[in-house]
file work_32.cif (mmCIF, C-alpha atoms)
data_run
loop_
_atom_site.label_atom_id
_atom_site.label_comp_id
_atom_site.auth_asym_id
_atom_site.auth_seq_id
_atom_site.Cartn_x
_atom_site.Cartn_y
_atom_site.Cartn_z
CA MET A 1 -8.02 -17.61 21.78
CA GLY A 2 -8.03 -14.19 23.44
CA SER A 3 -9.81 -11.16 22.05
CA LYS A 4 -6.57 -9.56 20.83
CA SER A 5 -5.66 -12.70 18.91
CA SER A 6 -9.15 -12.91 17.41
CA LYS A 7 -9.08 -9.27 16.26
CA PHE A 8 -5.58 -9.70 14.87
CA SER A 9 -6.62 -12.79 12.91
CA THR A 10 -9.77 -11.10 11.59
CA LEU A 11 -7.83 -8.05 10.39
CA VAL A 12 -5.28 -10.21 8.61
CA ARG A 13 -8.04 -12.19 6.90
CA VAL A 14 -9.69 -8.95 5.80
CA GLY A 15 -6.29 -8.01 4.40
CA TYR A 16 -6.09 -11.19 2.36
CA PHE A 17 -9.65 -10.64 1.13
CA SER A 18 -8.77 -7.08 0.07
CA ARG A 19 -5.69 -8.36 -1.72
CA ALA A 20 -7.88 -10.92 -3.46
CA ILE A 21 -10.21 -8.21 -4.79
CA LEU A 22 -7.26 -6.13 -5.95
CA TYR A 23 -5.53 -8.92 -7.87
CA CYS A 24 -8.74 -10.41 -9.31
CA VAL A 25 -9.84 -7.04 -10.65
CA LEU A 26 -6.36 -6.28 -11.99
CA GLY A 27 -6.18 -9.65 -13.75
CA LEU A 28 -9.64 -9.25 -15.26
CA ILE A 29 -8.90 -5.71 -16.44
CA ALA A 30 -5.62 -6.83 -18.01
CA LEU A 31 -7.37 -9.64 -19.88
CA THR A 32 -10.43 -7.71 -21.03
CA SER A 33 -9.75 -3.96 -21.20
CA ALA A 34 -6.57 -2.66 -22.79
CA GLY A 35 -7.70 0.94 -22.35
CA ARG A 36 -8.32 0.60 -18.63
CA ILE A 37 -5.10 -1.28 -17.88
CA SER A 38 -3.20 1.69 -19.32
CA GLN A 39 -4.59 3.72 -16.40
CA GLY A 40 -2.61 1.54 -13.98
CA THR A 41 -3.77 1.56 -10.36
CA ASN A 42 -6.38 4.24 -11.06
CA GLY A 43 -8.04 1.85 -13.51
CA ILE A 44 -8.31 -0.86 -10.85
CA PHE A 45 -10.01 1.36 -8.28
CA ASP A 46 -12.24 2.92 -10.92
CA ALA A 47 -13.45 -0.57 -11.90
CA ILE A 48 -14.05 -1.52 -8.26
CA GLU A 49 -16.12 1.61 -7.66
CA GLU A 50 -18.44 0.51 -10.47
CA PHE A 51 -19.34 -2.66 -8.53
CA PRO A 52 -22.56 -2.77 -6.48
CA LEU A 53 -21.56 -1.21 -3.13
CA GLY A 54 -18.26 -0.38 -4.84
CA HIS A 55 -17.54 2.65 -2.63
CA ALA A 56 -17.99 0.53 0.50
CA ILE A 57 -15.68 -2.10 -1.01
CA LEU A 58 -13.04 0.59 -1.56
CA TRP A 59 -13.17 1.53 2.12
CA LEU A 60 -12.94 -2.14 3.08
CA MET A 61 -9.85 -2.35 0.91
CA VAL A 62 -8.31 0.67 2.62
CA VAL A 63 -8.66 -1.11 5.98
CA GLY A 64 -7.68 -4.50 4.60
CA LEU A 65 -4.61 -3.39 2.67
CA LEU A 66 -3.43 -1.38 5.66
CA ALA A 67 -3.94 -4.43 7.91
CA TYR A 68 -2.00 -6.61 5.48
CA ALA A 69 0.85 -4.08 5.32
CA LEU A 70 1.03 -4.00 9.13
CA PHE A 71 1.05 -7.81 9.19
CA ARG A 72 4.04 -7.82 6.85
CA PHE A 73 5.82 -5.14 8.88
CA ALA A 74 5.28 -7.35 11.95
CA SER A 75 6.73 -10.25 9.97
CA THR A 76 9.80 -8.11 9.32
CA PHE A 77 10.49 -6.60 12.73
CA PHE A 78 9.08 -9.22 15.12
CA ASP A 79 9.72 -12.35 13.03
CA ILE A 80 6.25 -13.69 13.72
CA GLU A 81 6.66 -16.30 10.99
CA ASN A 82 9.91 -17.59 12.46
CA GLN A 83 12.20 -16.85 9.53
CA GLY A 84 15.18 -16.44 11.84
CA SER A 85 18.00 -13.90 12.01
CA ASP A 86 20.57 -15.52 9.74
CA THR A 87 21.25 -14.22 6.24
CA THR A 88 18.44 -16.19 4.63
CA GLY A 89 16.01 -15.27 7.39
CA TRP A 90 16.73 -11.56 7.05
CA ALA A 91 16.42 -11.81 3.26
CA HIS A 92 12.91 -13.22 3.76
CA ARG A 93 12.09 -10.52 6.28
CA ILE A 94 13.40 -7.72 4.03
CA GLY A 95 11.21 -9.17 1.29
CA HIS A 96 8.25 -8.90 3.68
CA ALA A 97 9.19 -5.26 4.24
CA GLY A 98 9.08 -4.62 0.50
CA SER A 99 5.65 -6.23 0.32
CA ALA A 100 4.49 -4.16 3.31
CA ILE A 101 5.60 -0.89 1.73
CA GLY A 102 3.97 -1.81 -1.58
CA HIS A 103 0.64 -2.64 0.07
CA LEU A 104 0.85 0.46 2.26
CA ALA A 105 1.14 2.54 -0.93
CA LEU A 106 -1.86 0.71 -2.37
CA ALA A 107 -3.87 1.37 0.81
CA PHE A 108 -3.06 5.07 0.50
CA SER A 109 -4.07 5.08 -3.18
CA ALA A 110 -7.35 3.35 -2.29
CA TYR A 111 -7.93 5.96 0.43
CA GLN A 112 -7.34 8.81 -2.00
CA PHE A 113 -9.66 7.23 -4.55
CA ALA A 114 -12.37 6.61 -1.93
CA THR A 115 -12.23 10.22 -0.71
CA THR A 116 -11.56 12.15 -3.94
CA GLY A 117 -12.45 9.77 -6.79
CA SER A 118 -8.83 9.60 -7.96
CA ASP A 119 -5.34 9.04 -6.58
CA ASN A 120 -4.28 11.76 -9.06
CA GLY A 121 -2.11 9.17 -10.78
CA GLY A 122 0.87 10.09 -8.67
CA GLY A 123 0.55 9.10 -5.04
CA ALA A 124 3.59 6.84 -5.11
CA GLN A 125 5.48 9.25 -7.37
CA ASP A 126 4.79 12.19 -5.04
CA ALA A 127 6.04 10.19 -2.07
CA ALA A 128 9.13 9.17 -4.02
CA SER A 129 9.79 12.79 -4.99
CA GLY A 130 9.78 13.69 -1.31
CA ILE A 131 12.25 10.91 -0.56
CA LEU A 132 14.52 11.93 -3.44
CA SER A 133 14.64 15.48 -2.10
CA MET A 134 16.17 14.20 1.14
CA GLN A 135 19.83 13.47 1.73
CA PHE A 136 20.55 9.86 0.71
CA GLY A 137 16.97 9.66 -0.61
CA GLY A 138 18.17 8.13 -3.86
CA ALA A 139 20.00 5.41 -1.97
CA ALA A 140 16.86 4.73 0.09
CA LEU A 141 14.77 4.22 -3.06
CA GLY A 142 17.45 2.08 -4.61
CA LEU A 143 17.60 -0.12 -1.52
CA LEU A 144 13.82 -0.40 -1.60
CA GLY A 145 14.17 -1.60 -5.19
CA ILE A 146 16.59 -4.27 -3.98
CA ALA A 147 14.01 -5.27 -1.35
CA PHE A 148 11.47 -5.76 -4.12
CA PHE A 149 13.98 -7.89 -6.02
CA ALA A 150 14.44 -10.00 -2.89
CA THR A 151 10.67 -10.29 -2.60
CA ALA A 152 10.42 -11.36 -6.25
CA PHE A 153 13.07 -14.03 -5.73
CA PHE A 154 11.25 -15.54 -2.77
CA GLN A 155 7.90 -15.35 -4.57
CA ALA A 156 9.40 -17.41 -7.41
CA LYS A 157 10.98 -19.81 -4.93
CA LYS A 158 7.61 -20.31 -3.23
CA ALA A 159 6.04 -21.06 -6.61
CA VAL A 160 8.61 -23.77 -7.37
CA THR A 161 8.84 -25.39 -3.93
CA GLY A 162 5.23 -24.98 -2.83
CA SER A 163 6.47 -23.96 0.62
CA PHE A 164 3.49 -21.63 1.02
CA MET A 165 1.32 -24.72 1.58
CA ASN A 166 2.98 -25.16 5.00
CA ARG A 167 0.92 -22.25 6.31
CA ILE A 168 -2.40 -23.24 4.77
CA SER A 169 -4.95 -25.52 6.43
CA PRO A 170 -5.17 -29.08 5.01
CA ALA A 171 -8.88 -28.37 4.51
CA ALA A 172 -8.09 -25.93 1.67
CA PRO A 173 -9.27 -26.87 -1.86
CA SER A 174 -7.07 -29.30 -3.78
CA GLN A 175 -6.35 -26.69 -6.49
CA THR A 176 -4.67 -24.37 -3.96
CA ARG A 177 -1.13 -25.56 -4.78
CA LEU A 178 -1.61 -24.95 -8.52
CA LEU A 179 -3.25 -21.54 -8.05
CA GLY A 180 -0.52 -20.44 -5.67
CA GLY A 181 2.29 -21.63 -7.93
CA ILE A 182 0.91 -19.79 -10.97
CA GLY A 183 0.10 -16.71 -8.91
CA TYR A 184 3.47 -16.43 -7.22
CA ILE A 185 5.32 -16.63 -10.55
CA ALA A 186 3.20 -13.78 -11.94
CA ARG A 187 3.68 -11.78 -8.77
CA ALA A 188 7.45 -12.27 -8.98
CA VAL A 189 7.43 -10.77 -12.48
CA VAL A 190 5.37 -7.79 -11.31
CA PHE A 191 7.66 -7.21 -8.33
CA LEU A 192 10.70 -7.29 -10.62
CA VAL A 193 9.16 -4.51 -12.71
CA ILE A 194 8.44 -2.44 -9.58
CA GLY A 195 11.92 -3.10 -8.18
CA TRP A 196 13.58 -2.09 -11.45
CA SER A 197 11.62 1.17 -11.52
CA LEU A 198 12.79 1.94 -7.98
CA LEU A 199 16.40 1.10 -8.81
CA LYS A 200 16.30 3.42 -11.84
CA ALA A 201 14.78 6.24 -9.79
CA GLY A 202 17.19 5.78 -6.89
CA PHE A 203 20.51 4.93 -8.54
CA MET A 204 20.13 6.03 -12.18
CA SER A 205 18.41 9.41 -11.77
CA ALA A 206 15.42 8.30 -13.84
CA GLY A 207 13.07 10.48 -11.78
CA ALA A 208 10.18 9.69 -9.46
CA GLY A 209 7.71 9.71 -12.34
CA GLN A 210 9.14 6.40 -13.54
CA ILE A 211 8.22 4.56 -10.33
CA LYS A 212 5.54 1.93 -10.84
CA THR A 213 2.88 0.64 -8.47
CA LEU A 214 1.07 -2.68 -8.91
CA GLY A 215 -1.29 -1.61 -11.68
CA ASP A 216 1.40 0.41 -13.45
CA ALA A 217 3.76 -2.59 -13.42
CA VAL A 218 1.21 -4.84 -15.12
CA ALA A 219 0.35 -2.06 -17.61
CA ALA A 220 4.05 -1.75 -18.46
CA LEU A 221 3.97 -5.32 -19.78
CA ALA A 222 1.00 -4.66 -22.08
CA GLY A 223 3.12 -4.67 -25.24
CA GLU A 224 4.78 -8.00 -24.49
CA GLY A 225 2.25 -10.23 -26.27
CA ILE A 226 1.85 -13.73 -24.83
CA ALA A 227 4.06 -12.85 -21.85
CA PHE A 228 1.58 -10.14 -20.84
CA THR A 229 -1.36 -12.53 -21.21
CA LEU A 230 0.36 -15.16 -19.06
CA VAL A 231 1.16 -12.61 -16.37
CA ALA A 232 -2.45 -11.36 -16.45
CA ILE A 233 -3.73 -14.93 -16.01
CA GLY A 234 -1.24 -15.42 -13.19
CA VAL A 235 -2.35 -12.22 -11.47
CA LEU A 236 -5.97 -13.41 -11.64
CA ALA A 237 -4.90 -16.80 -10.25
CA PHE A 238 -3.13 -15.02 -7.39
CA GLY A 239 -6.33 -13.15 -6.62
CA ILE A 240 -8.30 -16.40 -6.41
CA PHE A 241 -5.49 -17.91 -4.33
CA SER A 242 -5.73 -14.93 -1.95
CA LEU A 243 -9.43 -15.71 -1.47
CA VAL A 244 -8.39 -19.18 -0.35
CA LEU A 245 -5.86 -17.63 2.05
CA ALA A 246 -8.52 -15.36 3.53
CA ARG A 247 -10.30 -18.51 4.70
CA TYR A 248 -7.58 -21.13 5.16
CA ARG A 249 -4.33 -19.27 5.99
CA THR A 250 -2.83 -20.22 9.36
CA ILE A 251 -2.55 -16.93 11.29
CA PRO A 252 -0.05 -16.66 14.19
CA GLU A 253 -1.84 -16.15 17.50
CA MET A 254 -1.51 -12.99 19.57
CA ASN A 255 -1.38 -13.69 23.30
CA LEU A 256 -2.93 -11.58 26.02
CA ASN A 257 0.10 -9.38 26.72
CA GLY A 258 0.08 -8.20 23.10
CA ARG A 259 2.98 -10.19 21.77
CA VAL A 260 2.73 -12.42 18.75
CA PRO A 261 4.52 -15.72 19.42
CA LYS A 262 6.46 -17.37 16.66
CA PHE A 263 5.11 -20.47 14.97
CA ARG A 264 6.80 -23.06 12.88
CA SER A 265 5.65 -24.01 9.43
#

call {"tool": "encode", "arguments": {"input": "work_32.cif", "output": "structure tokens"}}
result
Amino acid sequence: MGSKSSKFSTLVRVGYFSRAILYCVLGLIALTSAGRISQGTNGIFDAIEEFPLGHAILWLMVVGLLAYALFRFASTFFDIENQGSDTTGWAHRIGHAGSAIGHLALAFSAYQFATTGSDNGGGAQDAASGILSMQFGGAALGLLGIAFFATAFFQAKKAVTGSFMNRISPAAPSQTRLLGGIGYIARAVVFLVIGWSLLKAGFMSAGAGQIKTLGDAVAALAGEGIAFTLVAIGVLAFGIFSLVLARYRTIPEMNLNGRVPKFRS
């Protein structure tokens, strides 16, 4: 494997590791600290900074979440996971774009928290306000909401079919299928909440302040009783599953001229 491919693979694995930290911390906060979950994404990063070497972990997450977002953008525009260009293939790829944008927003929030100690509770909302001020900005946010709905649908489909196992090494732990199934269902619910907030902001004039990021979406479910608890458990399971992916995910190779060839699951 060439050096470009090795660096590409390493960055993607760092991305999965960062995602694992994010979801594990979010799940634990949701299950143990009602006050902190109400802080949304700020509460997640605040908890991480309290870890030993927490500030360094935040910077690792900035790099990792950015790397993961770029990986998903590459999945969208270069079809590195061979989804194809038919209707179903583009639906998958648009879902990857929604995931990329969501993780890019999280990387920016982590950066703000690492540099200032807070993302000011409105990084995503400020960006959305800028989009809404543009011509057709509302339509753009609404379409992004639809992308998150598409992502949620395919997350749920993965949970049911177990298709995600096609891109995981056979050496992965035997519990991987169960963890992934539980995690993807929870993630689908969270993405539906985010997508709905974007649709309301874009098409129903609800305002940018209603837009929810990952932590905000889980916090929004806090009054739903057992449903909230199940989602919190699922989010934690997805974090543990992401740790497995950081080690056992099959990463497409990058060849020496810089292109990423397609691979089949």

call {"tool": "closest_residue", "arguments": {"input": "work_32.cif", "among": "A:Phe164, A:Phe238, A:Tyr184, A:Phe113", "to": "A:Ala47", "atoms": "all atoms listed in the file"}}
result
A:Phe113

call {"tool": "atom_distance", "arguments": {"input": "work_32.cif", "atom1": "atom CA of A:Ser6", "atom2": "atom CA of A:His92"}}
result
25.9 Å

call {"tool": "atom_distance", "arguments": {"input": "work_32.cif", "atom1": "atom CA of A:Leu178", "atom2": "atom CA of A:Ile226"}}
result
20.1 Å

call {"tool": "atom_distance", "arguments": {"input": "work_32.cif", "atom1": "atom CA of A:Thr76", "atom2": "atom CA of A:Gly95"}}
result
8.2 Å

call {"tool": "closest_residue", "arguments": {"input": "work_32.cif", "among": "A:Phe71, A:Leu236, A:Trp90, A:Tyr23", "to": "A:Thr10", "atoms": "all atoms listed in the file"}}
result
A:Phe71

call {"tool": "resolve_selection", "arguments": {"input": "work_32.cif", "expression": "the PyMOL selection byres ((chain A and resi 202-206) around 7)", "output": "list in words"}}
result
Gly138, Ala139, Leu141, Gly142, Leu198, Leu199, Lys200, Ala201, Gly207, Ala208 and Gln210 of chain A

call {"tool": "resolve_selection", "arguments": {"input": "work_32.cif", "expression": "the PyMOL selection byres ((chain A and resi 235) around 8)", "output": "tab-separated table (two decimals) with C-alpha atoms, in the frame of the given file"}}
result
chain	number	residue	atom	x	y	z
A	23	TYR	CA	-5.53	-8.92	-7.87
A	24	CYS	CA	-8.74	-10.41	-9.31
A	26	LEU	CA	-6.36	-6.28	-11.99
A	27	GLY	CA	-6.18	-9.65	-13.75
A	183	GLY	CA	0.10	-16.71	-8.91
A	186	ALA	CA	3.20	-13.78	-11.94
A	187	ARG	CA	3.68	-11.78	-8.77
A	231	VAL	CA	1.16	-12.61	-16.37
A	232	ALA	CA	-2.45	-11.36	-16.45
A	233	ILE	CA	-3.73	-14.93	-16.01
A	234	GLY	CA	-1.24	-15.42	-13.19
A	236	LEU	CA	-5.97	-13.41	-11.64
A	237	ALA	CA	-4.90	-16.80	-10.25
A	238	PHE	CA	-3.13	-15.02	-7.39
A	239	GLY	CA	-6.33	-13.15	-6.62

call {"tool": "resolve_selection", "arguments": {"input": "work_32.cif", "expression": "the PyMOL selection byres ((chain A and resi 36) around 12)", "output": "PDB file with C-alpha atoms, in the frame of the given file"}}
result
ATOM      1  CA  VAL A  25      -9.840  -7.040 -10.650  1.00  0.00           C
ATOM      2  CA  LEU A  26      -6.360  -6.280 -11.990  1.00  0.00           C
ATOM      3  CA  GLY A  27      -6.180  -9.650 -13.750  1.00  0.00           C
ATOM      4  CA  LEU A  28      -9.640  -9.250 -15.260  1.00  0.00           C
ATOM      5  CA  ILE A  29      -8.900  -5.710 -16.440  1.00  0.00           C
ATOM      6  CA  ALA A  30      -5.620  -6.830 -18.010  1.00  0.00           C
ATOM      7  CA  LEU A  31      -7.370  -9.640 -19.880  1.00  0.00           C
ATOM      8  CA  THR A  32     -10.430  -7.710 -21.030  1.00  0.00           C
ATOM      9  CA  SER A  33      -9.750  -3.960 -21.200  1.00  0.00           C
ATOM     10  CA  ALA A  34      -6.570  -2.660 -22.790  1.00  0.00           C
ATOM     11  CA  GLY A  35      -7.700   0.940 -22.350  1.00  0.00           C
ATOM     12  CA  ILE A  37      -5.100  -1.280 -17.880  1.00  0.00           C
ATOM     13  CA  SER A  38      -3.200   1.690 -19.320  1.00  0.00           C
ATOM     14  CA  GLN A  39      -4.590   3.720 -16.400  1.00  0.00           C
ATOM     15  CA  GLY A  40      -2.610   1.540 -13.980  1.00  0.00           C
ATOM     16  CA  THR A  41      -3.770   1.560 -10.360  1.00  0.00           C
ATOM     17  CA  ASN A  42      -6.380   4.240 -11.060  1.00  0.00           C
ATOM     18  CA  GLY A  43      -8.040   1.850 -13.510  1.00  0.00           C
ATOM     19  CA  ILE A  44      -8.310  -0.860 -10.850  1.00  0.00           C
ATOM     20  CA  PHE A  45     -10.010   1.360  -8.280  1.00  0.00           C
ATOM     21  CA  ASP A  46     -12.240   2.920 -10.920  1.00  0.00           C
ATOM     22  CA  ALA A  47     -13.450  -0.570 -11.900  1.00  0.00           C
ATOM     23  CA  GLY A 215      -1.290  -1.610 -11.680  1.00  0.00           C
ATOM     24  CA  ASP A 216       1.400   0.410 -13.450  1.00  0.00           C
ATOM     25  CA  VAL A 218       1.210  -4.840 -15.120  1.00  0.00           C
ATOM     26  CA  ALA A 219       0.350  -2.060 -17.610  1.00  0.00           C
ATOM     27  CA  ALA A 222       1.000  -4.660 -22.080  1.00  0.00           C
TER      28      ALA A 222
END

call {"tool": "residues_around", "arguments": {"input": "work_32.cif", "residues": "A:Gly180", "least_positions_apart": "6", "cutoff": "12 Å", "atoms": "all atoms listed in the file", "output": "PyMOL selection string"}}
result
chain A and resi 155-165+168+172-174+186-188+234-245

call {"tool": "residues_around", "arguments": {"input": "work_32.cif", "residues": "A:Tyr111", "least_positions_apart": "6", "cutoff": "10 Å", "atoms": "all atoms listed in the file", "output": "list in words"}}
result
Leu58, Trp59, Leu60, Met61, Val62, Val63, Ala105, Gly117, Ser118 and Asp119 of chain A

call {"tool": "closest_residue", "arguments": {"input": "work_32.cif", "among": "A:Ala246, A:Ile185, A:Ile251, A:Val190", "to": "A:Leu221", "atoms": "only C-alpha atoms"}}
result
A:Val190

call {"tool": "residues_around", "arguments": {"input": "work_32.cif", "residues": "A:Phe191", "least_positions_apart": "2", "cutoff": "10 Å", "atoms": "only C-alpha atoms", "output": "number ranges by chain"}}
result
A: 98-99, 102, 145, 147-153, 155, 185-189, 193-197, 212-214, 217-218

call {"tool": "residues_around", "arguments": {"input": "work_32.cif", "residues": "A:Ile101", "least_positions_apart": "6", "cutoff": "9 Å", "atoms": "all atoms listed in the file", "output": "mmCIF file with C-alpha atoms, in the frame of the given file"}}
result
data_model
loop_
_atom_site.group_PDB
_atom_site.id
_atom_site.type_symbol
_atom_site.label_atom_id
_atom_site.label_comp_id
_atom_site.auth_asym_id
_atom_site.auth_seq_id
_atom_site.Cartn_x
_atom_site.Cartn_y
_atom_site.Cartn_z
ATOM 1 C CA ALA A 69 0.850 -4.080 5.320
ATOM 2 C CA ARG A 72 4.040 -7.820 6.850
ATOM 3 C CA PHE A 73 5.820 -5.140 8.880
ATOM 4 C CA LEU A 144 13.820 -0.400 -1.600
#
